[in-house]
$ cat model_24.pdb   # PDB, C-alpha atoms, pLDDT in the B column
ATOM      1  CA  MET L 241      27.602 -30.417 -39.941  1.00 83.00           C
ATOM      2  CA  THR L 242      26.878 -32.791 -42.789  1.00 93.00           C
ATOM      3  CA  GLU L 243      25.695 -31.656 -46.211  1.00 95.00           C
ATOM      4  CA  LEU L 244      22.234 -33.075 -45.460  1.00 95.00           C
ATOM      5  CA  GLU L 245      22.035 -31.149 -42.193  1.00 95.00           C
ATOM      6  CA  ARG L 246      23.143 -27.951 -43.932  1.00 97.00           C
ATOM      7  CA  VAL L 247      20.485 -28.392 -46.627  1.00 98.00           C
ATOM      8  CA  GLU L 248      17.782 -29.097 -44.039  1.00 98.00           C
ATOM      9  CA  ARG L 249      18.803 -25.961 -42.130  1.00 98.00           C
ATOM     10  CA  GLU L 250      18.597 -23.857 -45.312  1.00 98.00           C
ATOM     11  CA  ILE L 251      15.173 -25.352 -46.075  1.00 98.00           C
ATOM     12  CA  ALA L 252      13.898 -24.352 -42.630  1.00 98.00           C
ATOM     13  CA  ILE L 253      15.239 -20.801 -43.087  1.00 98.00           C
ATOM     14  CA  LEU L 254      13.617 -20.431 -46.509  1.00 98.00           C
ATOM     15  CA  GLN L 255      10.306 -21.781 -45.242  1.00 98.00           C
ATOM     16  CA  GLU L 256      10.349 -19.174 -42.478  1.00 98.00           C
ATOM     17  CA  ASN L 257      11.228 -16.462 -45.005  1.00 98.00           C
ATOM     18  CA  VAL L 258       8.188 -17.437 -47.110  1.00 97.00           C
ATOM     19  CA  ARG L 259       5.947 -17.352 -44.013  1.00 98.00           C
ATOM     20  CA  SER L 260       7.342 -13.973 -42.980  1.00 97.00           C
ATOM     21  CA  SER L 261       6.889 -12.423 -46.426  1.00 97.00           C
ATOM     22  CA  THR L 262       3.370 -13.821 -46.609  1.00 97.00           C
ATOM     23  CA  ARG L 263       2.551 -12.145 -43.283  1.00 97.00           C
ATOM     24  CA  VAL L 264       3.981  -8.848 -44.571  1.00 96.00           C
ATOM     25  CA  LEU L 265       1.688  -9.072 -47.615  1.00 96.00           C
ATOM     26  CA  SER L 266      -1.343  -9.232 -45.333  1.00 95.00           C
ATOM     27  CA  ASP L 267      -0.565  -5.708 -44.053  1.00 95.00           C
ATOM     28  CA  THR L 268      -3.251  -3.444 -45.496  1.00 92.00           C
ATOM     29  CA  ASN L 269      -0.923  -0.425 -45.215  1.00 96.00           C
ATOM     30  CA  LEU L 270       1.728  -1.999 -47.432  1.00 96.00           C
ATOM     31  CA  SER L 271       2.602   0.089 -50.478  1.00 96.00           C
ATOM     32  CA  GLN L 272       2.281  -1.322 -53.987  1.00 96.00           C
ATOM     33  CA  ASP L 273       6.056  -1.274 -54.407  1.00 97.00           C
ATOM     34  CA  ALA L 274       6.656  -3.072 -51.131  1.00 96.00           C
ATOM     35  CA  ALA L 275       4.013  -5.680 -52.006  1.00 97.00           C
ATOM     36  CA  HIS L 276       5.669  -6.231 -55.369  1.00 97.00           C
ATOM     37  CA  ARG L 277       9.051  -6.717 -53.688  1.00 97.00           C
ATOM     38  CA  GLU L 278       7.583  -9.191 -51.202  1.00 97.00           C
ATOM     39  CA  ARG L 279       5.927 -11.211 -53.985  1.00 97.00           C
ATOM     40  CA  ALA L 280       9.219 -11.276 -55.891  1.00 98.00           C
ATOM     41  CA  SER L 281      11.018 -12.403 -52.744  1.00 97.00           C
ATOM     42  CA  ILE L 282       8.514 -15.187 -52.180  1.00 98.00           C
ATOM     43  CA  GLU L 283       8.969 -16.360 -55.756  1.00 98.00           C
ATOM     44  CA  LEU L 284      12.757 -16.473 -55.326  1.00 98.00           C
ATOM     45  CA  TYR L 285      12.494 -18.208 -51.948  1.00 98.00           C
ATOM     46  CA  ARG L 286      10.164 -20.860 -53.377  1.00 98.00           C
ATOM     47  CA  HIS L 287      12.389 -21.444 -56.406  1.00 98.00           C
ATOM     48  CA  HIS L 288      15.441 -21.945 -54.206  1.00 98.00           C
ATOM     49  CA  LEU L 289      13.361 -24.046 -51.801  1.00 98.00           C
ATOM     50  CA  ASP L 290      12.297 -26.381 -54.629  1.00 97.00           C
ATOM     51  CA  GLU L 291      15.950 -26.863 -55.582  1.00 98.00           C
ATOM     52  CA  LEU L 292      16.947 -27.605 -52.001  1.00 98.00           C
ATOM     53  CA  LEU L 293      14.079 -30.046 -51.509  1.00 98.00           C
ATOM     54  CA  MET L 294      15.262 -32.022 -54.536  1.00 97.00           C
ATOM     55  CA  LYS L 295      18.830 -31.912 -53.256  1.00 97.00           C
ATOM     56  CA  ARG L 296      17.705 -33.098 -49.814  1.00 97.00           C
ATOM     57  CA  ASP L 297      15.773 -35.983 -51.361  1.00 96.00           C
ATOM     58  CA  GLY L 298      18.869 -37.022 -53.295  1.00 96.00           C
ATOM     59  CA  LEU L 299      21.071 -36.824 -50.217  1.00 95.00           C
ATOM     60  CA  GLN L 300      18.569 -38.848 -48.190  1.00 93.00           C
ATOM     61  CA  PHE L 301      18.421 -41.461 -50.943  1.00 93.00           C
ATOM     62  CA  LEU L 302      22.219 -41.753 -50.950  1.00 90.00           C
ATOM     63  CA  ALA L 303      22.299 -41.973 -47.155  1.00 87.00           C
ATOM     64  CA  ASP L 304      19.759 -44.816 -47.186  1.00 87.00           C
ATOM     65  CA  GLU L 305      21.831 -46.930 -49.564  1.00 81.00           C
TER      66      GLU L 305
END
$ encode --input "model_24.pdb" --output "structure tokens"
Amino acid sequence: MTELERVEREIAILQENVRSSTRVLSDTNLSQDAAHRERASIELYRHHLDELLMKRDGLQFLADE
């Protein structure tokens, strides 16, 4: 597996994690603490996702040269 493929796989996993946590937040029976944890998780996922998207763009640029 190339570095670009690994990064794209991690991006897909993080995107699914964000979707999953967002679905959990829509549960009306979710406790305040659990909602707080899910929001914190989403924030971390998105931060890491932003980093990976930039890395992927750089790897794609290098591959195109």
$ closest_residue --input "model_24.pdb" --among "L:Glu243, L:Glu305, L:Glu250, L:Glu256" --to "His288 (chain L)" --atoms "all atoms listed in the file"
L:Glu250
$ atom_distance --input "model_24.pdb" --atom1 "CA of His276 (chain L)" --atom2 "CA of Lys295 (chain L)"
28.9 Å
$ resolve_selection --input "model_24.pdb" --expression "the PyMOL selection byres ((chain L and resi 278) around 12)" --output "list in words"
Asn257, Val258, Arg259, Ser260, Ser261, Thr262, Arg263, Val264, Leu265, Ser266, Asp267, Leu270, Ser271, Gln272, Asp273, Ala274, Ala275, His276, Arg277, Arg279, Ala280, Ser281, Ile282, Glu283, Leu284 and Tyr285 of chain L
$ closest_residue --input "model_24.pdb" --among "L:Ile251, L:Arg246, L:Met241, L:Asp304" --to "Leu292 (chain L)" --atoms "only C-alpha atoms"
L:Ile251
$ atom_distance --input "model_24.pdb" --atom1 "CA of Ile253 (chain L)" --atom2 "CA of Arg286 (chain L)"
11.5 Å
$ closest_residue --input "model_24.pdb" --among "L:Glu245, L:Asn269, L:Gln255, L:His287" --to "Leu299 (chain L)" --atoms "all atoms listed in the file"
L:Glu245
$ atom_distance --input "model_24.pdb" --atom1 "CA of Leu254 (chain L)" --atom2 "CA of Phe301 (chain L)"
22.0 Å
